[in-house]
>>> print(open('final.cif').read())   # mmCIF, C-alpha atoms (C1' of nucleotides)
data_work
loop_
_atom_site.label_atom_id
_atom_site.label_comp_id
_atom_site.auth_asym_id
_atom_site.auth_seq_id
_atom_site.Cartn_x
_atom_site.Cartn_y
_atom_site.Cartn_z
CA MET A 1 -7.98 -9.29 29.11
CA GLU A 2 -6.00 -12.40 28.29
CA GLN A 3 -9.27 -13.61 26.83
CA LEU A 4 -9.11 -10.98 24.12
CA LEU A 5 -5.81 -12.42 22.91
CA ARG A 6 -7.02 -16.00 23.22
CA HIS A 7 -10.17 -15.21 21.34
CA GLN A 8 -8.23 -13.56 18.54
CA ILE A 9 -5.96 -16.58 18.15
CA GLU A 10 -8.85 -18.99 18.28
CA LYS A 11 -10.49 -17.33 15.30
CA ILE A 12 -7.76 -19.16 13.38
CA VAL A 13 -6.46 -22.08 15.47
CA GLN A 14 -7.96 -23.88 18.47
CA LEU A 15 -5.99 -24.01 21.74
CA THR A 16 -6.31 -26.08 24.91
CA ASP A 17 -5.99 -24.22 28.21
CA ASP A 18 -2.46 -25.56 28.59
CA GLU A 19 -1.50 -24.45 25.12
CA PHE A 20 -2.87 -20.98 25.72
CA HIS A 21 -0.88 -20.66 28.92
CA LEU A 22 2.21 -21.67 27.01
CA VAL A 23 1.46 -19.01 24.41
CA LEU A 24 0.85 -16.39 27.05
CA SER A 25 4.12 -17.20 28.78
CA TYR A 26 5.95 -15.86 25.72
CA PHE A 27 4.15 -12.52 25.92
CA SER A 28 4.65 -9.65 28.34
CA PHE A 29 2.13 -7.08 29.45
CA ARG A 30 2.63 -3.35 29.54
CA THR A 31 0.77 -0.10 30.05
CA TYR A 32 1.38 3.18 28.24
CA LYS A 33 0.09 6.70 28.78
CA LYS A 34 -1.32 8.91 26.05
CA HIS A 35 1.51 10.53 24.02
CA GLN A 36 4.02 7.89 25.13
CA TYR A 37 6.20 6.32 22.45
CA VAL A 38 6.16 2.56 21.98
CA VAL A 39 8.69 2.59 19.12
CA GLN A 40 11.11 5.37 18.20
CA ALA A 41 12.74 5.59 14.77
CA GLY A 42 16.41 4.79 15.11
CA ASP A 43 15.99 2.45 18.07
CA MET A 44 15.75 -1.31 17.89
CA ALA A 45 12.11 -2.37 17.98
CA PRO A 46 12.00 -6.15 18.19
CA ASN A 47 8.44 -6.35 19.57
CA ASP A 48 5.00 -6.81 18.08
CA HIS A 49 2.14 -5.44 20.19
CA PHE A 50 -1.37 -6.75 20.63
CA VAL A 51 -3.67 -3.97 21.85
CA VAL A 52 -5.91 -4.88 24.76
CA LYS A 53 -7.09 -1.35 25.45
CA GLY A 54 -6.41 2.04 23.87
CA LEU A 55 -5.42 3.49 20.52
CA LEU A 56 -2.06 3.93 18.77
CA LYS A 57 -0.62 5.01 15.46
CA SER A 58 2.51 4.14 13.51
CA PHE A 59 3.96 6.87 11.33
CA TYR A 60 6.87 7.98 9.24
CA ILE A 61 8.47 11.42 9.27
CA ASP A 62 9.80 12.28 5.82
CA ASP A 63 12.73 14.48 4.80
CA ASP A 64 10.54 17.59 4.80
CA GLY A 65 9.49 16.84 8.38
CA LYS A 66 6.02 15.79 7.28
CA THR A 67 4.23 13.02 9.13
CA HIS A 68 2.54 10.14 7.29
CA ILE A 69 0.41 7.66 9.18
CA LEU A 70 0.79 4.05 8.16
CA GLN A 71 -1.51 2.41 10.62
CA PHE A 72 -3.85 2.88 13.53
CA ALA A 73 -4.38 0.14 16.09
CA MET A 74 -7.16 -0.17 18.61
CA GLU A 75 -8.42 -3.07 20.72
CA ASP A 76 -7.81 -6.47 19.11
CA TRP A 77 -5.30 -5.12 16.57
CA TRP A 78 -1.54 -5.58 16.31
CA ILE A 79 1.05 -2.86 15.79
CA SER A 80 4.81 -2.61 15.31
CA ASP A 81 7.41 -1.40 12.86
CA PRO A 82 7.24 -4.59 10.78
CA GLN A 83 10.59 -4.08 9.14
CA ALA A 84 12.35 -3.51 12.43
CA PHE A 85 10.50 -6.44 13.94
CA HIS A 86 11.12 -9.05 11.24
CA ASN A 87 14.60 -8.01 10.18
CA ARG A 88 15.89 -7.08 13.63
CA THR A 89 16.98 -3.71 12.28
CA PRO A 90 16.59 -0.21 13.78
CA ALA A 91 13.11 1.24 13.37
CA THR A 92 12.30 3.71 10.61
CA LEU A 93 8.80 4.29 11.95
CA HIS A 94 7.49 5.74 15.18
CA VAL A 95 4.65 4.19 17.15
CA ASP A 96 2.91 6.24 19.83
CA CYS A 97 -0.26 6.24 21.89
CA ILE A 98 -3.27 8.38 21.04
CA GLU A 99 -5.01 7.18 24.21
CA ASP A 100 -3.85 5.43 27.39
CA THR A 101 -3.05 1.94 26.18
CA ASP A 102 -2.53 -1.63 27.43
CA VAL A 103 -0.72 -4.18 25.28
CA TYR A 104 0.60 -7.72 25.25
CA TYR A 105 3.87 -7.74 23.37
CA ILE A 106 6.20 -10.43 22.06
CA SER A 107 9.72 -10.19 20.67
CA ILE A 108 10.65 -11.74 17.33
CA ASP A 109 12.95 -14.16 19.15
CA SER A 110 10.21 -15.26 21.51
CA ARG A 111 7.82 -15.59 18.64
CA GLU A 112 10.15 -17.88 16.76
CA GLN A 113 10.71 -20.01 19.86
CA LEU A 114 6.98 -20.19 20.44
CA CYS A 115 6.37 -21.28 16.85
CA ALA A 116 9.06 -23.93 17.11
CA GLU A 117 7.42 -25.28 20.25
CA LEU A 118 3.80 -24.94 19.18
CA GLN A 119 3.52 -25.48 15.48
CA LYS A 120 0.02 -24.18 15.03
CA MET A 121 1.09 -20.74 16.20
CA GLU A 122 3.24 -20.46 13.09
CA TYR A 123 0.11 -21.18 11.08
CA PHE A 124 -1.69 -18.47 13.05
CA PHE A 125 0.99 -15.87 12.36
CA LEU A 126 1.12 -16.86 8.70
CA LYS A 127 -2.63 -16.37 8.33
CA LYS A 128 -2.50 -13.09 10.21
CA THR A 129 0.34 -11.77 8.05
CA ALA A 130 -1.41 -12.84 4.85
CA ALA A 131 -4.55 -11.02 5.96
CA GLY A 132 -2.44 -7.92 6.61
CA TYR A 133 -0.91 -8.19 3.16
CA ILE A 134 -4.34 -8.31 1.58
CA ALA A 135 -5.45 -5.27 3.58
CA LEU A 136 -2.42 -3.29 2.40
CA GLN A 137 -3.10 -4.22 -1.21
CA ARG A 138 -6.60 -2.88 -0.77
CA ARG A 139 -5.24 0.36 0.61
CA ILE A 140 -2.86 0.74 -2.33
CA LEU A 141 -5.75 0.20 -4.68
CA SER A 142 -7.73 2.87 -2.91
CA LEU A 143 -4.81 5.32 -3.17
CA LEU A 144 -4.44 4.53 -6.87
CA SER A 145 -8.07 4.62 -7.88
CA GLN A 146 -10.09 6.80 -5.54
CA SER A 147 -10.46 10.53 -4.96
CA ALA A 148 -9.84 12.09 -1.54
CA ASP A 149 -13.57 12.25 -1.07
CA GLU A 150 -14.12 8.57 -1.88
CA ARG A 151 -11.27 7.50 0.38
CA TYR A 152 -12.64 9.52 3.26
CA HIS A 153 -16.15 8.17 2.98
CA GLN A 154 -14.89 4.62 2.59
CA PHE A 155 -12.79 5.07 5.72
CA ALA A 156 -15.79 6.48 7.59
CA GLN A 157 -17.88 3.51 6.58
CA LEU A 158 -15.19 0.93 7.30
CA TYR A 159 -14.04 2.32 10.65
CA PRO A 160 -16.88 4.28 12.28
CA THR A 161 -15.25 3.81 15.68
CA LEU A 162 -11.95 5.33 14.56
CA LEU A 163 -13.83 8.22 12.97
CA GLN A 164 -15.12 9.13 16.42
CA ARG A 165 -12.00 8.45 18.43
CA LEU A 166 -9.46 10.16 16.16
CA PRO A 167 -8.81 13.85 15.49
CA LYS A 168 -9.58 14.59 11.84
CA ALA A 169 -6.02 15.73 11.18
CA LEU A 170 -4.78 12.19 11.85
CA ILE A 171 -7.34 10.66 9.52
CA ALA A 172 -6.24 13.15 6.87
CA SER A 173 -2.62 12.09 7.28
CA TYR A 174 -3.62 8.42 7.01
CA LEU A 175 -5.60 9.07 3.84
CA GLY A 176 -2.91 11.20 2.22
CA VAL A 177 -5.02 14.37 2.17
CA SER A 178 -4.41 17.77 3.74
CA ARG A 179 -6.21 18.63 6.97
CA GLU A 180 -8.03 21.48 5.24
CA THR A 181 -9.24 19.43 2.30
CA LEU A 182 -10.53 16.70 4.60
CA SER A 183 -12.39 19.27 6.65
CA ARG A 184 -14.16 20.41 3.50
CA LEU A 185 -14.97 16.85 2.46
CA ALA A 186 -16.31 15.90 5.86
CA ALA A 187 -18.91 18.65 5.60
CA GLY A 188 -20.43 17.41 2.33
CA MET B 189 14.95 -24.12 -13.81
CA GLU B 190 14.02 -26.06 -10.70
CA GLN B 191 17.23 -24.65 -9.35
CA LEU B 192 15.79 -21.14 -9.43
CA LEU B 193 13.02 -22.22 -7.08
CA ARG B 194 15.37 -24.17 -4.86
CA HIS B 195 17.76 -21.28 -4.66
CA GLN B 196 14.98 -18.89 -3.70
CA ILE B 197 13.79 -21.16 -0.89
CA GLU B 198 17.32 -21.72 0.35
CA LYS B 199 17.83 -18.02 0.88
CA ILE B 200 15.62 -18.61 3.90
CA VAL B 201 15.70 -22.34 4.84
CA GLN B 202 18.16 -25.08 3.92
CA LEU B 203 16.85 -28.19 2.15
CA THR B 204 18.33 -31.63 1.51
CA ASP B 205 17.91 -33.06 -2.00
CA ASP B 206 15.13 -35.30 -0.74
CA GLU B 207 13.35 -32.42 0.91
CA PHE B 208 13.56 -30.34 -2.24
CA HIS B 209 12.09 -33.15 -4.30
CA LEU B 210 9.26 -33.39 -1.83
CA VAL B 211 8.68 -29.65 -2.15
CA LEU B 212 8.77 -29.81 -5.92
CA SER B 213 6.26 -32.65 -5.98
CA TYR B 214 3.65 -30.22 -4.66
CA PHE B 215 4.24 -27.77 -7.49
CA SER B 216 3.18 -28.00 -11.13
CA PHE B 217 4.85 -26.43 -14.13
CA ARG B 218 3.13 -24.44 -16.83
CA THR B 219 3.87 -22.25 -19.83
CA TYR B 220 1.93 -19.17 -20.92
CA LYS B 221 2.04 -17.04 -24.05
CA LYS B 222 2.21 -13.25 -24.07
CA HIS B 223 -1.27 -11.75 -23.46
CA GLN B 224 -2.56 -14.96 -21.89
CA TYR B 225 -4.48 -14.67 -18.62
CA VAL B 226 -3.27 -16.58 -15.59
CA VAL B 227 -6.06 -15.32 -13.33
CA GLN B 228 -9.38 -13.77 -14.37
CA ALA B 229 -11.49 -11.68 -12.00
CA GLY B 230 -14.59 -13.63 -11.08
CA ASP B 231 -12.98 -17.06 -11.41
CA MET B 232 -11.54 -19.10 -8.59
CA ALA B 233 -7.77 -18.59 -8.41
CA PRO B 234 -6.37 -20.97 -5.81
CA ASN B 235 -2.79 -20.90 -7.12
CA ASP B 236 0.34 -18.93 -6.32
CA HIS B 237 2.86 -18.71 -9.16
CA PHE B 238 6.63 -18.63 -9.03
CA VAL B 239 8.03 -17.10 -12.21
CA VAL B 240 10.87 -19.02 -13.84
CA LYS B 241 10.89 -17.02 -17.06
CA GLY B 242 8.89 -14.07 -18.37
CA LEU B 243 6.98 -11.10 -17.05
CA LEU B 244 3.44 -10.67 -15.70
CA LYS B 245 1.23 -8.09 -14.06
CA SER B 246 -1.69 -8.22 -11.65
CA PHE B 247 -4.28 -5.47 -11.96
CA TYR B 248 -7.67 -4.26 -10.93
CA ILE B 249 -10.30 -2.75 -13.22
CA ASP B 250 -12.34 -0.16 -11.34
CA ASP B 251 -15.96 0.92 -11.82
CA ASP B 252 -14.95 3.51 -14.43
CA GLY B 253 -13.18 0.81 -16.43
CA LYS B 254 -9.76 2.14 -15.47
CA THR B 255 -6.90 -0.28 -14.93
CA HIS B 256 -4.65 -0.09 -11.87
CA ILE B 257 -1.55 -2.26 -11.65
CA LEU B 258 -0.85 -3.81 -8.28
CA GLN B 259 2.21 -5.82 -9.07
CA PHE B 260 4.67 -6.89 -11.70
CA ALA B 261 6.47 -10.21 -11.50
CA MET B 262 9.54 -11.31 -13.37
CA GLU B 263 11.99 -14.17 -12.86
CA ASP B 264 12.32 -15.23 -9.21
CA TRP B 265 9.14 -13.40 -8.12
CA TRP B 266 5.75 -14.74 -7.05
CA ILE B 267 2.36 -13.60 -8.27
CA SER B 268 -1.30 -14.35 -7.57
CA ASP B 269 -4.48 -12.70 -6.42
CA PRO B 270 -3.57 -13.03 -2.74
CA GLN B 271 -7.11 -12.63 -1.51
CA ALA B 272 -8.45 -15.29 -3.87
CA PHE B 273 -5.53 -17.52 -3.00
CA HIS B 274 -5.64 -17.31 0.79
CA ASN B 275 -9.39 -17.07 1.28
CA ARG B 276 -10.36 -19.47 -1.50
CA THR B 277 -12.74 -16.83 -2.91
CA PRO B 278 -13.29 -15.73 -6.51
CA ALA B 279 -10.61 -13.39 -7.83
CA THR B 280 -11.09 -9.63 -7.92
CA LEU B 281 -7.82 -9.09 -9.77
CA HIS B 282 -6.61 -10.16 -13.18
CA VAL B 283 -3.14 -11.57 -13.80
CA ASP B 284 -1.79 -11.72 -17.33
CA CYS B 285 1.47 -12.16 -19.20
CA ILE B 286 3.44 -9.27 -20.64
CA GLU B 287 5.93 -11.71 -22.16
CA ASP B 288 5.92 -15.47 -22.79
CA THR B 289 6.15 -16.94 -19.32
CA ASP B 290 7.04 -20.16 -17.47
CA VAL B 291 5.88 -20.72 -13.90
CA TYR B 292 5.83 -23.23 -11.12
CA TYR B 293 2.50 -22.97 -9.33
CA ILE B 294 1.04 -24.41 -6.14
CA SER B 295 -2.53 -24.43 -4.85
CA ILE B 296 -3.39 -23.21 -1.37
CA ASP B 297 -4.43 -26.75 -0.44
CA SER B 298 -1.15 -28.22 -1.64
CA ARG B 299 0.75 -25.51 0.15
CA GLU B 300 -0.96 -26.29 3.43
CA GLN B 301 -0.30 -30.02 3.01
CA LEU B 302 3.33 -29.31 2.19
CA CYS B 303 3.70 -27.13 5.29
CA ALA B 304 2.12 -29.81 7.45
CA GLU B 305 4.58 -32.35 6.10
CA LEU B 306 7.67 -30.16 6.03
CA GLN B 307 7.54 -27.68 8.84
CA LYS B 308 10.30 -25.41 7.65
CA MET B 309 8.35 -24.57 4.53
CA GLU B 310 5.77 -22.87 6.71
CA TYR B 311 8.61 -20.78 8.10
CA PHE B 312 9.69 -19.99 4.55
CA PHE B 313 6.22 -18.83 3.50
CA LEU B 314 5.87 -16.80 6.69
CA LYS B 315 9.13 -14.96 6.00
CA LYS B 316 8.21 -14.43 2.37
CA THR B 317 4.79 -13.04 3.28
CA ALA B 318 6.29 -10.75 5.92
CA ALA B 319 8.78 -9.42 3.37
CA GLY B 320 5.91 -8.76 1.00
CA TYR B 321 4.02 -6.92 3.72
CA ILE B 322 7.01 -4.68 4.35
CA ALA B 323 7.35 -3.95 0.63
CA LEU B 324 3.70 -2.92 0.43
CA GLN B 325 4.09 -0.62 3.41
CA ARG B 326 6.97 1.03 1.62
CA ARG B 327 4.85 1.52 -1.46
CA ILE B 328 2.04 3.08 0.57
CA LEU B 329 4.55 5.44 2.10
CA SER B 330 5.79 6.41 -1.33
CA LEU B 331 2.21 7.08 -2.50
CA LEU B 332 1.58 9.19 0.60
CA SER B 333 4.76 11.20 0.66
CA GLN B 334 6.30 11.45 -2.79
CA SER B 335 5.48 13.38 -5.96
CA ALA B 336 4.93 11.61 -9.27
CA ASP B 337 8.43 12.59 -10.26
CA GLU B 338 10.02 11.18 -7.13
CA ARG B 339 8.07 7.95 -7.42
CA TYR B 340 9.11 7.50 -11.03
CA HIS B 341 12.79 8.05 -10.39
CA GLN B 342 12.72 5.79 -7.35
CA PHE B 343 11.10 3.08 -9.46
CA ALA B 344 13.69 3.55 -12.18
CA GLN B 345 16.48 3.22 -9.65
CA LEU B 346 14.93 0.26 -7.85
CA TYR B 347 13.91 -1.73 -10.93
CA PRO B 348 16.15 -0.81 -13.87
CA THR B 349 15.28 -4.11 -15.55
CA LEU B 350 11.54 -3.48 -15.40
CA LEU B 351 12.09 0.03 -16.75
CA GLN B 352 13.51 -1.50 -19.90
CA ARG B 353 11.14 -4.42 -20.28
CA LEU B 354 7.87 -2.58 -19.61
CA PRO B 355 5.94 -0.10 -21.76
CA LYS B 356 5.86 3.26 -19.99
CA ALA B 357 2.06 3.24 -19.84
CA LEU B 358 2.19 0.21 -17.51
CA ILE B 359 4.71 1.85 -15.23
CA ALA B 360 2.46 4.91 -15.11
CA SER B 361 -0.48 2.78 -14.06
CA TYR B 362 1.62 1.12 -11.36
CA LEU B 363 2.77 4.48 -10.02
CA GLY B 364 -0.69 6.04 -10.07
CA VAL B 365 0.22 8.68 -12.66
CA SER B 366 -1.25 9.37 -16.09
CA ARG B 367 0.63 8.14 -19.15
CA GLU B 368 1.13 11.71 -20.35
CA THR B 369 2.51 13.03 -17.09
CA LEU B 370 4.93 10.14 -16.84
CA SER B 371 6.13 10.78 -20.37
CA ARG B 372 6.97 14.35 -19.37
CA LEU B 373 8.74 13.23 -16.19
CA ALA B 374 10.79 10.62 -18.00
CA ALA B 375 12.28 13.32 -20.20
CA GLY B 376 13.65 15.42 -17.31
"C1'" DA C 377 -9.02 31.08 36.65
"C1'" DA C 378 -5.88 32.36 33.18
"C1'" DA C 379 -2.87 30.88 29.68
"C1'" DA C 380 -1.47 27.78 26.41
"C1'" DA C 381 -2.06 24.15 23.25
"C1'" DC C 382 -5.15 21.49 20.40
"C1'" DA C 383 -9.00 20.81 17.11
"C1'" DA C 384 -11.79 22.28 13.53
"C1'" DG C 385 -13.55 25.32 9.92
"C1'" DT C 386 -13.09 28.50 5.96
"C1'" DG C 387 -11.47 31.98 2.33
"C1'" DA C 388 -8.11 33.03 -1.49
"C1'" DG C 389 -4.82 31.91 -4.53
"C1'" DC C 390 -1.50 28.47 -6.42
"C1'" DT C 391 0.33 24.23 -8.59
"C1'" DA C 392 0.88 19.47 -9.72
"C1'" DT C 393 -1.31 16.45 -12.32
"C1'" DA C 394 -5.36 15.02 -15.19
"C1'" DT C 395 -7.70 15.17 -19.52
"C1'" DC C 396 -8.36 15.75 -24.39
"C1'" DA C 397 -6.54 15.98 -28.88
"C1'" DC C 398 -3.31 15.09 -32.26
"C1'" DA C 399 1.16 13.44 -34.48
"C1'" DC C 400 4.71 10.25 -35.32
"C1'" DT C 401 7.15 5.73 -35.30
"C1'" DA C 402 7.73 0.97 -34.72
"C1'" DA C 403 5.99 -3.51 -34.39
"C1'" DC C 404 2.85 -7.05 -35.50
"C1'" DC C 405 -0.14 -10.04 -38.54
"C1'" DA C 406 -3.37 -11.43 -42.42
"C1'" DT D 407 3.73 -5.99 -47.74
"C1'" DG D 408 0.54 -3.02 -46.48
"C1'" DG D 409 -2.78 -2.07 -42.96
"C1'" DT D 410 -3.77 -2.01 -38.21
"C1'" DT D 411 -2.57 -1.65 -33.54
"C1'" DA D 412 0.75 -0.53 -29.76
"C1'" DG D 413 3.89 2.75 -27.86
"C1'" DT D 414 5.49 7.40 -27.13
"C1'" DG D 415 5.65 12.41 -27.13
"C1'" DT D 416 3.66 17.04 -26.67
"C1'" DG D 417 0.50 21.19 -26.68
"C1'" DA D 418 -3.61 23.40 -24.49
"C1'" DT D 419 -6.81 23.59 -20.97
"C1'" DA D 420 -9.14 22.12 -16.72
"C1'" DT D 421 -9.30 20.93 -11.83
"C1'" DA D 422 -8.60 18.49 -7.45
"C1'" DG D 423 -6.29 19.27 -3.82
"C1'" DC D 424 -2.42 22.07 -1.54
"C1'" DT D 425 -0.71 25.97 1.06
"C1'" DC D 426 -1.09 29.98 3.74
"C1'" DA D 427 -3.51 32.85 6.77
"C1'" DC D 428 -7.01 33.72 9.98
"C1'" DT D 429 -11.02 32.60 13.27
"C1'" DT D 430 -13.36 30.31 16.75
"C1'" DG D 431 -14.27 26.97 20.19
"C1'" DT D 432 -12.42 23.41 23.29
"C1'" DT D 433 -9.47 20.95 26.07
"C1'" DT D 434 -5.21 20.76 28.96
"C1'" DT D 435 -1.98 22.68 31.95
"C1'" DT D 436 -0.40 25.41 35.71
#
>>> encode(input="final.cif", output="structure tokens")
Amino acid sequence: MEQLLRHQIEKIVQLTDDEFHLVLSYFSFRTYKKHQYVVQAGDMAPNDHFVVKGLLKSFYIDDDGKTHILQFAMEDWWISDPQAFHNRTPATLHVDCIEDTDVYYISIDSREQLCAELQKMEYFFLKKTAAGYIALQRRILSLLSQSADERYHQFAQLYPTLLQRLPKALIASYLGVSRETLSRLAAG
Amino acid sequence: MEQLLRHQIEKIVQLTDDEFHLVLSYFSFRTYKKHQYVVQAGDMAPNDHFVVKGLLKSFYIDDDGKTHILQFAMEDWWISDPQAFHNRTPATLHVDCIEDTDVYYISIDSREQLCAELQKMEYFFLKKTAAGYIALQRRILSLLSQSADERYHQFAQLYPTLLQRLPKALIASYLGVSRETLSRLAAG
DNA sequence: AAAAACAAGTGAGCTATATCACACTAACCA
DNA sequence: TGGTTAGTGTGATATAGCTCACTTGTTTTT
């Protein structure tokens, strides 16, 4: 379970056993039930969460009360309200659990202490954030250039696991398509 | 001119004169003419560019030959093909100049050496990348939840300078709207 | 075991935005 | 300095995707 986190870090920087135990000491572990909220808009949300088991989503509720999904996170992924996390401001997003979920989480303060103590962890977080940035640019490009149908099929190809584990209505909300339209696309 | 770069860094970390000269020694300076390419899709593009003067765009050309603008950059902004930069792979985006432009640029290798030598610069780049990530999330949200009209007026409010300096067709491409539709929105 | 809530599909009509076509003006450059 | 190209506006028509309304099957909940 810890190994999942260690393995993820070691894709980018190598750690001795002692170093990994230092890293781990800055994290906490927690369990959530399906439907439980991890972050609520309006509250402070100073933690970033590494998913060990389960499935979550982060989403925004707009002025018309419509829900828009920004991110899913399953095993080996991270999730938070990044703005609330980095700027220490109240959350504007919600994060909740689609399945029973286990996470390791770390506060922004702990993360900065950890990076000060173990320099290569700052390199790790920099690489991780840059990779996230690139992924978001790709998603913007797909929203700008692809039809609903193309986006759906690309999603299906890219995340076959999520396709199975998620209700279609959530995928629709992530892709920026209505439930009904996605249902018609999925058929063809 | 150097001061612009120094000032931007010092919004996040403080530097002594010696430290700033060290930082600057890792950058190079270059001038571009309007219409000149800074990055061409297919080429290696290992540099990130800090704009001292001028205006640029990064864009993707899709399979139908349509252009989609990912980013503009004017004074005090950074621009690159992030994927090509971070992963040292050939570019998939183009970057070119909308006006005559001056930049300081740094290669990924130089940046990593600089961070190894001056730890707080790694903190600076981490913060900068995180801020960029948050901005992209906001843009995704606006693509998911807002109408063309709302996106245009939000852009106009957020970037009044760009509104004046850019041809409307480029703004349309950035917002994911046709030139004609944007022209009709701009009127109302 | 019944009732309620969730998930998925589908028809009918509507609307925001795209596309195509043309006109006009201003800016650039040979 | 006159010809070409860039920028903008606007009408007419087409269409992808939305909304609303209903059905049916499947999990949860009690």
>>> interface_residues(input="final.cif", of="chain B", to="chain C", cutoff="8 Å", atoms="all atoms listed in the file", output="list in words")
Val365, Ser366 and Thr369 of chain B
>>> interface_residues(input="final.cif", of="chain B", to="chain A", cutoff="8 Å", atoms="all atoms listed in the file", output="MDAnalysis selection string")
chainID B and resid 248 250 256 258 270:271 274 310:311 313:314 317:318 320:322 324:325 327:329 331:333 363:364
>>> atom_distance(input="final.cif", atom1="CA of His35 in chain A", atom2="CA of Ile108 in chain A")
25.0 Å
>>> residues_around(input="final.cif", residues="Pro355 in chain B", least_positions_apart="5", cutoff="10 Å", atoms="all atoms listed in the file", output="list in words")
Ile286, Leu350 and Ala360 of chain B; DA412, DG413 and DT414 of chain D
>>> residues_around(input="final.cif", residues="Phe215 in chain B", least_positions_apart="6", cutoff="9 Å", atoms="all atoms listed in the file", output="list of chain:residue names")
B:Tyr292, B:Tyr293, B:Ile294, B:Ser295, B:Ser298, B:Arg299
>>> atom_distance(input="final.cif", atom1="CA of Pro160 in chain A", atom2="CA of Thr31 in chain A")
25.4 Å
>>> closest_residue(input="final.cif", among="A:Arg184, A:His21, A:Arg30, A:Lys57", to="chain D", atoms="only C-alpha atoms (C1' of nucleotides)")
A:Arg184
>>> interface_residues(input="final.cif", of="chain D", to="chain A", cutoff="9 Å", atoms="all atoms listed in the file", output="number ranges by chain")
D: 422-424
>>> resolve_selection(input="final.cif", expression="the PyMOL selection byres ((chain A and resi 24) around 10)", output="ChimeraX atom specification")
/A:2,5-6,18-23,25-29,104-106,114
>>> atom_distance(input="final.cif", atom1="CA of Ile200 in chain B", atom2="CA of Gln113 in chain A")
16.8 Å
>>> resolve_selection(input="final.cif", expression="the PyMOL selection byres ((chain A and resi 156) around 12)", output="number ranges by chain")
A: 149-155, 157-166, 168, 171-172, 175, 182, 185-186
>>> closest_residue(input="final.cif", among="A:Met74, A:Ile79, A:Val39, A:Val51", to="Thr92 in chain A", atoms="all atoms listed in the file")
A:Val39
